[in-house]
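Okay, entry_21.cif now, which holds mmCIF, C-alpha atoms and all ligand atoms:
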data_entry
loop_
_atom_site.label_atom_id
_atom_site.label_comp_id
_atom_site.auth_asym_id
_atom_site.auth_seq_id
_atom_site.Cartn_x
_atom_site.Cartn_y
_atom_site.Cartn_z
CA MET R 198 -22.47 -116.43 131.40
CA THR R 199 -25.29 -115.45 129.06
CA ALA R 200 -25.40 -117.41 125.85
CA THR R 201 -25.25 -115.92 122.38
CA ILE R 202 -28.58 -116.56 120.70
CA ILE R 203 -28.20 -118.34 117.36
CA ASP R 204 -30.90 -116.65 115.30
CA GLY R 205 -32.25 -119.36 113.00
CA LYS R 206 -34.83 -117.04 111.50
CA ALA R 207 -32.20 -114.58 110.31
CA PHE R 208 -29.85 -117.36 109.20
CA ALA R 209 -32.63 -119.05 107.24
CA ALA R 210 -33.41 -115.74 105.50
CA LYS R 211 -29.73 -115.51 104.52
CA VAL R 212 -29.76 -119.08 103.15
CA ARG R 213 -32.94 -118.37 101.17
CA ALA R 214 -31.39 -115.19 99.73
CA GLU R 215 -28.31 -117.18 98.64
CA VAL R 216 -30.52 -119.84 97.07
CA ALA R 217 -32.53 -117.13 95.29
CA GLY R 218 -29.31 -115.62 93.91
CA HIS R 219 -28.22 -118.99 92.50
CA VAL R 220 -31.68 -119.63 91.05
CA ALA R 221 -31.67 -116.24 89.30
CA ARG R 222 -28.25 -117.01 87.78
CA LEU R 223 -29.36 -120.49 86.66
CA LYS R 224 -32.34 -118.92 84.89
CA GLU R 225 -30.35 -116.15 83.27
CA GLU R 226 -27.30 -118.15 82.23
CA ARG R 227 -28.79 -121.60 81.55
CA GLY R 228 -32.53 -121.11 81.19
CA LEU R 229 -33.01 -123.56 84.07
CA VAL R 230 -35.71 -123.33 86.74
CA PRO R 231 -35.27 -125.69 89.72
CA GLY R 232 -38.59 -127.38 90.51
CA LEU R 233 -39.86 -128.90 93.77
CA ALA R 234 -42.84 -131.26 93.86
CA VAL R 235 -44.56 -131.74 97.21
CA VAL R 236 -47.02 -134.60 97.64
CA LEU R 237 -49.59 -134.44 100.43
CA VAL R 238 -51.96 -137.33 101.10
CA GLY R 239 -54.94 -136.52 103.30
CA GLU R 240 -55.89 -133.49 105.37
CA ASP R 241 -53.63 -133.62 108.43
CA PRO R 242 -53.80 -129.97 109.63
CA ALA R 243 -50.11 -129.67 110.60
CA SER R 244 -49.03 -131.20 107.27
CA GLN R 245 -51.27 -128.78 105.37
CA VAL R 246 -49.59 -125.84 107.11
CA TYR R 247 -46.09 -127.21 106.31
CA VAL R 248 -46.97 -127.86 102.65
CA LYS R 249 -48.42 -124.36 102.23
CA SER R 250 -45.34 -122.80 103.77
CA LYS R 251 -43.01 -124.91 101.60
CA GLY R 252 -44.89 -123.95 98.42
CA LYS R 253 -44.81 -120.24 99.30
CA GLN R 254 -41.08 -120.19 100.06
CA THR R 255 -40.29 -122.25 96.95
CA VAL R 256 -41.96 -119.63 94.75
CA GLU R 257 -40.34 -116.77 96.70
CA VAL R 258 -36.82 -117.98 95.81
CA GLY R 259 -37.80 -118.20 92.14
CA MET R 260 -38.26 -121.97 91.87
CA ALA R 261 -41.21 -123.83 90.38
CA SER R 262 -43.54 -125.37 92.94
CA PHE R 263 -45.71 -128.37 92.06
CA GLU R 264 -48.24 -129.32 94.73
CA HIS R 265 -50.01 -132.66 94.53
CA LYS R 266 -52.81 -132.95 97.08
CA LEU R 267 -54.27 -136.42 97.12
CA ASP R 268 -57.34 -137.79 98.79
CA ARG R 269 -56.85 -139.58 102.12
CA GLU R 270 -58.11 -142.81 100.55
CA THR R 271 -55.54 -142.74 97.71
CA SER R 272 -54.25 -146.25 96.99
CA GLU R 273 -50.57 -147.15 97.24
CA ALA R 274 -50.56 -148.00 93.53
CA ASP R 275 -51.84 -144.53 92.60
CA LEU R 276 -49.32 -142.81 94.87
CA LEU R 277 -46.44 -144.88 93.46
CA ALA R 278 -47.63 -144.09 89.92
CA LEU R 279 -47.51 -140.35 90.73
CA ILE R 280 -43.97 -140.72 92.09
CA ASP R 281 -42.94 -142.55 88.90
CA ARG R 282 -44.30 -139.65 86.83
CA LEU R 283 -42.44 -137.09 88.96
CA ASN R 284 -39.24 -139.17 88.75
CA ALA R 285 -39.50 -139.03 84.95
CA ASP R 286 -40.39 -135.33 84.75
CA PRO R 287 -37.29 -133.24 83.85
CA THR R 288 -38.85 -130.05 85.26
CA VAL R 289 -39.00 -131.66 88.73
CA HIS R 290 -35.62 -131.73 90.51
CA GLY R 291 -36.85 -132.41 94.03
CA ILE R 292 -39.68 -134.62 95.32
CA LEU R 293 -40.96 -134.52 98.87
CA VAL R 294 -43.70 -136.76 100.22
CA GLN R 295 -45.11 -135.13 103.33
CA LEU R 296 -45.01 -137.47 106.32
CA PRO R 297 -46.78 -138.98 108.17
CA LEU R 298 -48.74 -140.83 105.49
CA PRO R 299 -52.15 -142.36 106.30
CA SER R 300 -51.70 -145.76 107.93
CA HIS R 301 -52.75 -147.86 104.89
CA LEU R 302 -49.71 -146.56 102.97
CA ASN R 303 -46.24 -148.02 103.48
CA SER R 304 -43.97 -144.98 104.03
CA GLU R 305 -40.73 -146.91 103.43
CA LEU R 306 -41.95 -148.30 100.13
CA VAL R 307 -43.17 -144.87 99.01
CA ILE R 308 -40.00 -142.99 100.02
CA ASN R 309 -37.77 -145.61 98.42
CA ARG R 310 -39.68 -145.24 95.14
CA ILE R 311 -38.39 -141.63 94.80
CA ASP R 312 -35.38 -141.28 92.51
CA PRO R 313 -32.53 -140.85 95.08
CA ALA R 314 -31.19 -137.91 93.04
CA LYS R 315 -34.55 -136.13 93.57
CA ASP R 316 -34.96 -137.20 97.22
CA VAL R 317 -34.57 -133.72 98.74
CA ASP R 318 -35.64 -134.97 102.19
CA GLY R 319 -32.68 -137.37 102.18
CA PHE R 320 -34.77 -140.27 103.50
CA HIS R 321 -34.23 -142.74 100.62
CA ILE R 322 -32.23 -145.77 101.74
CA SER R 323 -29.54 -144.99 99.12
CA ASN R 324 -29.03 -141.51 100.55
CA VAL R 325 -28.95 -142.89 104.09
CA GLY R 326 -26.22 -145.32 102.98
CA LEU R 327 -24.26 -142.66 101.11
CA LEU R 328 -24.31 -140.34 104.12
CA GLY R 329 -23.31 -143.21 106.43
CA THR R 330 -20.31 -144.01 104.24
CA GLY R 331 -19.26 -140.38 103.88
CA GLN R 332 -20.22 -140.10 100.21
CA LYS R 333 -22.05 -137.35 98.36
CA SER R 334 -25.77 -137.67 99.13
CA MET R 335 -28.95 -135.70 99.67
CA VAL R 336 -28.85 -134.80 103.38
CA PRO R 337 -31.99 -134.60 105.58
CA CYS R 338 -33.00 -130.94 105.93
CA THR R 339 -33.23 -130.51 109.71
CA PRO R 340 -29.78 -131.90 110.55
CA LEU R 341 -28.31 -130.06 107.55
CA GLY R 342 -29.73 -126.82 108.98
CA CYS R 343 -28.19 -127.60 112.38
CA LEU R 344 -24.81 -128.31 110.77
CA MET R 345 -24.91 -125.03 108.82
CA MET R 346 -25.61 -123.07 112.02
CA LEU R 347 -22.81 -124.87 113.87
CA ARG R 348 -20.30 -124.25 111.08
CA ASP R 349 -21.35 -120.63 110.89
CA HIS R 350 -20.90 -120.19 114.63
CA HIS R 351 -17.69 -122.18 115.14
CA GLY R 352 -15.97 -122.38 111.78
CA LYS R 353 -14.28 -125.78 112.05
CA LEU R 354 -15.88 -128.40 114.32
CA ALA R 355 -13.01 -130.92 114.25
CA GLY R 356 -12.13 -132.44 117.63
CA MET R 357 -15.19 -131.08 119.42
CA GLU R 358 -17.12 -133.39 121.72
CA ALA R 359 -20.68 -133.67 120.37
CA VAL R 360 -23.64 -135.33 122.07
CA VAL R 361 -26.84 -135.93 120.11
CA VAL R 362 -29.84 -136.83 122.26
CA GLY R 363 -32.27 -138.79 120.07
CA ARG R 364 -31.63 -141.50 117.48
CA SER R 365 -34.44 -141.08 114.97
CA ASN R 366 -33.76 -141.67 111.28
CA ILE R 367 -34.97 -138.14 110.52
CA VAL R 368 -32.89 -136.14 112.98
CA GLY R 369 -30.68 -137.92 115.52
CA LYS R 370 -28.85 -140.45 113.34
CA PRO R 371 -28.15 -138.20 110.33
CA MET R 372 -27.12 -135.39 112.72
CA ALA R 373 -24.58 -137.72 114.31
CA GLN R 374 -23.27 -138.77 110.87
CA LEU R 375 -22.84 -135.14 109.83
CA LEU R 376 -20.97 -134.25 113.02
CA LEU R 377 -18.76 -137.30 112.53
CA GLY R 378 -18.18 -136.14 108.95
CA ASP R 379 -16.90 -132.85 110.40
CA SER R 380 -14.57 -134.85 112.70
CA CYS R 381 -16.38 -134.33 116.00
CA THR R 382 -16.19 -137.05 118.65
CA VAL R 383 -19.82 -138.10 118.67
CA THR R 384 -22.03 -139.76 121.26
CA ILE R 385 -25.63 -140.67 120.44
CA ALA R 386 -27.90 -140.81 123.50
CA HIS R 387 -31.46 -142.17 123.67
CA SER R 388 -34.15 -143.33 126.07
CA ARG R 389 -32.02 -146.20 127.38
CA THR R 390 -28.87 -144.13 127.97
CA LYS R 391 -27.64 -144.34 131.54
CA ASP R 392 -26.92 -141.14 133.43
CA LEU R 393 -27.93 -138.88 130.57
CA GLY R 394 -27.04 -135.74 132.55
CA GLU R 395 -23.42 -136.88 132.88
CA VAL R 396 -23.28 -137.70 129.14
CA CYS R 397 -24.71 -134.29 128.19
CA ARG R 398 -22.26 -132.47 130.45
CA ARG R 399 -19.39 -133.79 128.28
CA ALA R 400 -20.69 -131.98 125.21
CA ASP R 401 -19.07 -128.98 123.55
CA ILE R 402 -21.98 -129.33 121.11
CA LEU R 403 -25.26 -130.59 122.55
CA VAL R 404 -28.05 -131.39 120.07
CA ALA R 405 -31.44 -132.19 121.58
CA ALA R 406 -33.89 -134.06 119.32
CA VAL R 407 -36.18 -135.86 121.70
CA GLY R 408 -39.70 -134.44 121.56
CA ARG R 409 -40.07 -133.95 125.34
CA PRO R 410 -40.74 -130.43 126.54
CA GLU R 411 -37.77 -128.87 128.36
CA MET R 412 -36.40 -132.23 129.52
CA ILE R 413 -32.76 -131.06 129.40
CA PRO R 414 -32.12 -128.77 132.38
CA GLY R 415 -29.46 -126.07 132.50
CA ASP R 416 -27.23 -128.09 134.83
CA TRP R 417 -26.79 -130.76 132.10
CA VAL R 418 -25.10 -128.15 129.90
CA LYS R 419 -21.32 -127.75 130.04
CA PRO R 420 -20.36 -124.09 130.61
CA GLY R 421 -19.68 -122.47 127.24
CA ALA R 422 -21.23 -125.31 125.18
CA THR R 423 -23.27 -124.72 122.04
CA VAL R 424 -26.83 -126.01 122.40
CA ILE R 425 -28.91 -126.84 119.34
CA ASP R 426 -32.53 -127.47 120.33
CA VAL R 427 -34.41 -129.33 117.60
CA GLY R 428 -37.48 -130.07 119.70
CA ILE R 429 -40.81 -128.49 118.91
CA ASN R 430 -43.34 -129.13 121.66
CA ARG R 431 -46.68 -127.43 122.12
CA ILE R 432 -47.60 -127.02 125.79
CA GLU R 433 -49.99 -124.97 127.85
CA ARG R 434 -48.41 -122.32 130.08
CA ASP R 435 -50.27 -119.67 132.04
CA GLY R 436 -53.44 -120.64 130.18
CA LYS R 437 -51.83 -120.14 126.76
CA GLN R 438 -50.56 -122.56 124.11
CA VAL R 439 -46.82 -122.01 123.65
CA LEU R 440 -44.01 -123.73 121.75
CA VAL R 441 -41.01 -124.94 123.72
CA GLY R 442 -37.96 -127.00 122.85
CA ASP R 443 -36.45 -130.08 124.46
CA VAL R 444 -34.09 -127.86 126.49
CA ASP R 445 -34.99 -125.64 129.44
CA TYR R 446 -34.06 -122.50 127.54
CA ALA R 447 -33.90 -120.09 130.48
CA GLY R 448 -31.72 -122.45 132.52
CA ALA R 449 -29.45 -123.46 129.64
CA ALA R 450 -28.96 -119.90 128.36
CA LYS R 451 -27.30 -118.99 131.69
CA VAL R 452 -24.61 -121.64 131.18
CA ALA R 453 -24.22 -122.22 127.43
CA GLY R 454 -21.94 -120.24 125.14
CA ALA R 455 -24.57 -120.24 122.40
CA ILE R 456 -28.09 -121.58 122.04
CA THR R 457 -30.89 -121.83 119.49
CA PRO R 458 -34.28 -120.58 120.70
CA VAL R 459 -37.63 -122.30 120.11
CA PRO R 460 -39.32 -120.98 118.09
CA GLY R 461 -36.90 -119.16 115.78
CA GLY R 462 -33.94 -121.56 115.92
CA VAL R 463 -33.75 -124.83 114.02
CA GLY R 464 -37.35 -124.68 112.73
CA PRO R 465 -36.91 -121.99 110.03
CA MET R 466 -33.71 -123.65 108.80
CA THR R 467 -35.53 -126.83 107.79
CA ILE R 468 -37.43 -125.33 104.84
CA ALA R 469 -34.43 -123.17 103.87
CA CYS R 470 -32.39 -126.40 103.59
CA LEU R 471 -35.15 -128.06 101.58
CA LEU R 472 -34.77 -125.24 99.05
CA ALA R 473 -30.97 -125.56 99.18
CA ASN R 474 -31.29 -129.32 98.51
CA THR R 475 -33.60 -128.69 95.55
CA LEU R 476 -31.04 -126.27 94.11
CA THR R 477 -28.26 -128.84 94.67
CA ALA R 478 -30.35 -131.55 92.98
CA CYS R 479 -30.95 -129.28 89.98
CA CYS R 480 -27.22 -128.48 89.67
CA ARG R 481 -26.27 -132.16 89.92
CA ALA R 482 -28.94 -133.19 87.38
CA ASN R 483 -27.48 -130.71 84.91
CA GLY R 484 -23.81 -131.47 85.55
CA LEU R 485 -23.20 -128.05 87.09
CA PRO R 486 -21.02 -127.26 90.14
CA GLU R 487 -22.90 -127.42 93.42
CA PRO R 488 -23.56 -124.16 95.30
CA GLU R 489 -20.89 -123.70 97.93
CA GLY R 490 -21.88 -123.62 101.61
CA LEU R 491 -25.36 -125.02 100.96
CA THR R 492 -24.49 -128.72 101.16
CA ALA R 493 -22.82 -130.92 103.76
P1 LIG R 501 -38.65 -139.34 117.49
O1 LIG R 501 -39.80 -139.50 118.40
O2 LIG R 501 -38.62 -140.09 116.22
O3 LIG R 501 -37.30 -139.68 118.30
C1 LIG R 501 -37.11 -139.22 119.59
C2 LIG R 501 -35.82 -139.76 120.14
O4 LIG R 501 -35.67 -139.26 121.47
C3 LIG R 501 -35.75 -141.28 120.20
O5 LIG R 501 -34.52 -141.74 119.72
C4 LIG R 501 -35.91 -141.58 121.68
O6 LIG R 501 -35.14 -142.69 122.13
C5 LIG R 501 -35.32 -140.34 122.32
N1 LIG R 501 -35.89 -140.16 123.66
C6 LIG R 501 -37.18 -140.19 124.03
N2 LIG R 501 -37.29 -140.00 125.36
C7 LIG R 501 -36.05 -139.86 125.83
C8 LIG R 501 -35.51 -139.65 127.11
N3 LIG R 501 -36.29 -139.55 128.20
N4 LIG R 501 -34.17 -139.56 127.25
C9 LIG R 501 -33.37 -139.67 126.17
N5 LIG R 501 -33.83 -139.86 124.91
C10 LIG R 501 -35.15 -139.96 124.75
O7 LIG R 501 -38.53 -137.76 117.23
P2 LIG R 501 -37.83 -136.93 116.04
O8 LIG R 501 -36.38 -137.22 115.98
O9 LIG R 501 -38.63 -137.06 114.81
O10 LIG R 501 -38.07 -135.46 116.58
C11 LIG R 501 -37.49 -135.01 117.79
C12 LIG R 501 -38.01 -133.62 118.09
O11 LIG R 501 -37.59 -132.75 117.05
C13 LIG R 501 -39.52 -133.48 118.15
O12 LIG R 501 -39.86 -132.50 119.12
C14 LIG R 501 -39.90 -132.97 116.79
O13 LIG R 501 -41.09 -132.22 116.80
C15 LIG R 501 -38.72 -132.09 116.49
N6 LIG R 501 -38.46 -131.90 115.06
C16 LIG R 501 -38.22 -130.63 114.66
C17 LIG R 501 -37.94 -130.35 113.35
C18 LIG R 501 -37.65 -128.95 112.96
O14 LIG R 501 -37.80 -128.59 111.81
N7 LIG R 501 -37.16 -128.13 113.88
C19 LIG R 501 -37.95 -131.40 112.32
C20 LIG R 501 -38.11 -132.74 112.87
C21 LIG R 501 -38.37 -132.95 114.20
P3 LIG R 501 -35.49 -144.21 121.72
O15 LIG R 501 -35.01 -144.35 120.30
O16 LIG R 501 -34.70 -145.01 122.69
O17 LIG R 501 -36.97 -144.37 121.85
#
Taking this structure as input, can you express it in the form of structure tokens?
Ligand code: NDP
Amino acid sequence: MTATIIDGKAFAAKVRAEVAGHVARLKEERGLVPGLAVVLVGEDPASQVYVKSKGKQTVEVGMASFEHKLDRETSEADLLALIDRLNADPTVHGILVQLPLPSHLNSELVINRIDPAKDVDGFHISNVGLLGTGQKSMVPCTPLGCLMMLRDHHGKLAGMEAVVVGRSNIVGKPMAQLLLGDSCTVTIAHSRTKDLGEVCRRADILVAAVGRPEMIPGDWVKPGATVIDVGINRIERDGKQVLVGDVDYAGAAKVAGAITPVPGGVGPMTIACLLANTLTACCRANGLPEPEGLTA
């Protein structure tokens, strides 16, 4: 069997085009412009690249982008004061604080200061609780992107056996909640799971969110399964720096029914879902119906 490649790059472009269509209609019919504020503290090179890319794509879909670049030494009080201002600003519908923050800043405190209705990363404790109890929330972007790709590929997911490897608050846990919300039978695996290969082989849907290069070999994949590889790992191969996922792509693609590549799978969906969440937040803030197919 050779797996169908789930093209996250193309899917993300489709999501962005849908978002852009909604944004254009909001402007024309309501005079509304969804706005996303991104806060970056310090000069972490990877974070700078992400923030630049987010700002560019925000503008491309017709939204307003507000970038706040703060000095590495910024005090917690100053950062919280900025978040308070953004919370109160009616032109800002989404607020994202780029993580990781410098070590003198308490990430939990900072994230929980964001108005949950503007928390487009879905990390605020209220949104975590709402998602966990199956209520309307802001959903973390990476798992939302994975869910969209799975729904697009399978239609209904009800009754499928899903295994999520990784239990982080950013990916693994919300991914499992979303799959449960779509009535999958969900197992969450982690570093203490016994006989991980056997657990993975049960999965109709296997989501890998570990952060270990190619740790899931092809023979852990059930024939015909759908494999969603969230991992982004930079390694050296044949003297070159390359990006690989948490799954041995070549091995898994021989067995799986469908698979996301790295790069070009889950990665591009994350920013597309950030834009979708900002649109959703803007619609909710203005009492308008939410865009269909762009939320959980
Ligand atoms: P974390 O490091 O926060 O979590 C990793 C999880 O993997 C933990 O739950 C850990 O278990 C588990 N784990 C570690 N080693 C093993 C093992 N040997 N067997 C089974 N489970 C193991 O990572 P994140 O969730 O933040 O990210 C995971 C990956 O996804 C990374 O490669 C990251 O770069 C990528 N990522 C990609 C995004 C995208 O846009 N595509 C966005 C976010 C992340 P335990 O809890 O027991 O320690």
>> With distances taken over only C-alpha atoms and all ligand atoms, which residue among R:Lys224, R:His350, R:Lys206, R:His387 lies nearest ligand LIG 501 (chain R)?
In response: R:His387
>> List as JSON, numbers by chain the protein and nucleic acid residues lying within 6 Å of ligand LIG 501 (chain R), with only C-alpha atoms and all ligand atoms counted.
In response: {"R": [339, 362, 363, 364, 365, 367, 368, 369, 387, 388, 389, 406, 407, 408, 427, 428, 429, 430, 463, 464, 467]}
> Can you tell me how far CA of Glu433 (chain R) sits from CA of Pro458 (chain R), in Å to one decimal?
Replying inline: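 So the two atoms, CA of Glu433 (chain R) and CA of Pro458 (chain R), lie 17.8 Å apart.
CA of His321 (chain R) is found 5.1 Å from CA of Asn309 (chain R).
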>> Could you tell me how far CA of Leu237 (chain R) sits from CA of His265 (chain R), in Å to one decimal place?
In response: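 One can read the CA of His265 (chain R) to CA of Leu237 (chain R) distance as 6.2 Å.
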Could you please give me, as a CSV table (one decimal) with C-alpha atoms, keeping the file's coordinate frame, the residues of protein, DNA or RNA lying at most 12 Å from (-46.4, -144.5, 93.2) in the coordinate frame of the file, considering all atoms listed in the file?
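In the end it all went to out_35.csv:
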chain,number,residue,atom,x,y,z
R,236,VAL,CA,-47.0,-134.6,97.6
R,267,LEU,CA,-54.3,-136.4,97.1
R,271,THR,CA,-55.5,-142.7,97.7
R,272,SER,CA,-54.2,-146.2,97.0
R,273,GLU,CA,-50.6,-147.2,97.2
R,274,ALA,CA,-50.6,-148.0,93.5
R,275,ASP,CA,-51.8,-144.5,92.6
R,276,LEU,CA,-49.3,-142.8,94.9
R,277,LEU,CA,-46.4,-144.9,93.5
R,278,ALA,CA,-47.6,-144.1,89.9
R,279,LEU,CA,-47.5,-140.4,90.7
R,280,ILE,CA,-44.0,-140.7,92.1
R,281,ASP,CA,-42.9,-142.6,88.9
R,282,ARG,CA,-44.3,-139.6,86.8
R,283,LEU,CA,-42.4,-137.1,89.0
R,284,ASN,CA,-39.2,-139.2,88.8
R,294,VAL,CA,-43.7,-136.8,100.2
R,302,LEU,CA,-49.7,-146.6,103.0
R,303,ASN,CA,-46.2,-148.0,103.5
R,304,SER,CA,-44.0,-145.0,104.0
R,305,GLU,CA,-40.7,-146.9,103.4
R,306,LEU,CA,-42.0,-148.3,100.1
R,307,VAL,CA,-43.2,-144.9,99.0
R,308,ILE,CA,-40.0,-143.0,100.0
R,309,ASN,CA,-37.8,-145.6,98.4
R,310,ARG,CA,-39.7,-145.2,95.1
R,311,ILE,CA,-38.4,-141.6,94.8
R,312,ASP,CA,-35.4,-141.3,92.5
> Restricting the calculation to only C-alpha atoms, which member of R:Val246, R:Leu293, R:Val258, R:Ile425 is positioned closest to Val230 (chain R)?
Replying inline: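 That would be R:Val258, the residue with the smallest distance to Val230 (chain R).
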> From the set R:Gly331, R:Lys251, R:Trp417, R:Pro231, which residue has the shortest atom-to-atom contact distance to Pro465 (chain R), counting all atoms listed in the file?
Replying inline: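 Of all the options, R:Lys251 lies closest to Pro465 (chain R).
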> R:Arg222, R:Lys211, R:Lys353, R:Lys451: which is nearest Val424 (chain R), counting all atoms listed in the file?
Replying inline: R:Lys451
> Out of R:Val325, R:Val439, R:Cys479, R:Ala493, which residue has the shortest atom-to-atom distance to Val459 (chain R) when counting all atoms listed in the file?
Replying inline: R:Val439
> Got a sec: who's within 12 Å of Val235 (chain R), counting all atoms listed in the file, leaving out chain neighbours fewer than 3 positions off, as a ChimeraX atom specification?
Replying inline: /R:232,238,244-245,247-253,255,261-267,279-280,283,289-296,311,315-318,471-472,475
>> Please determine, counting all atoms listed in the file, which residue among R:Pro337, R:Pro420, R:Ala314, R:Asp349 has the shortest atom-to-atom distance to Ala285 (chain R).
In response: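 Looking only at the distances to Ala285 (chain R), the closest residue turns out to be R:Ala314.
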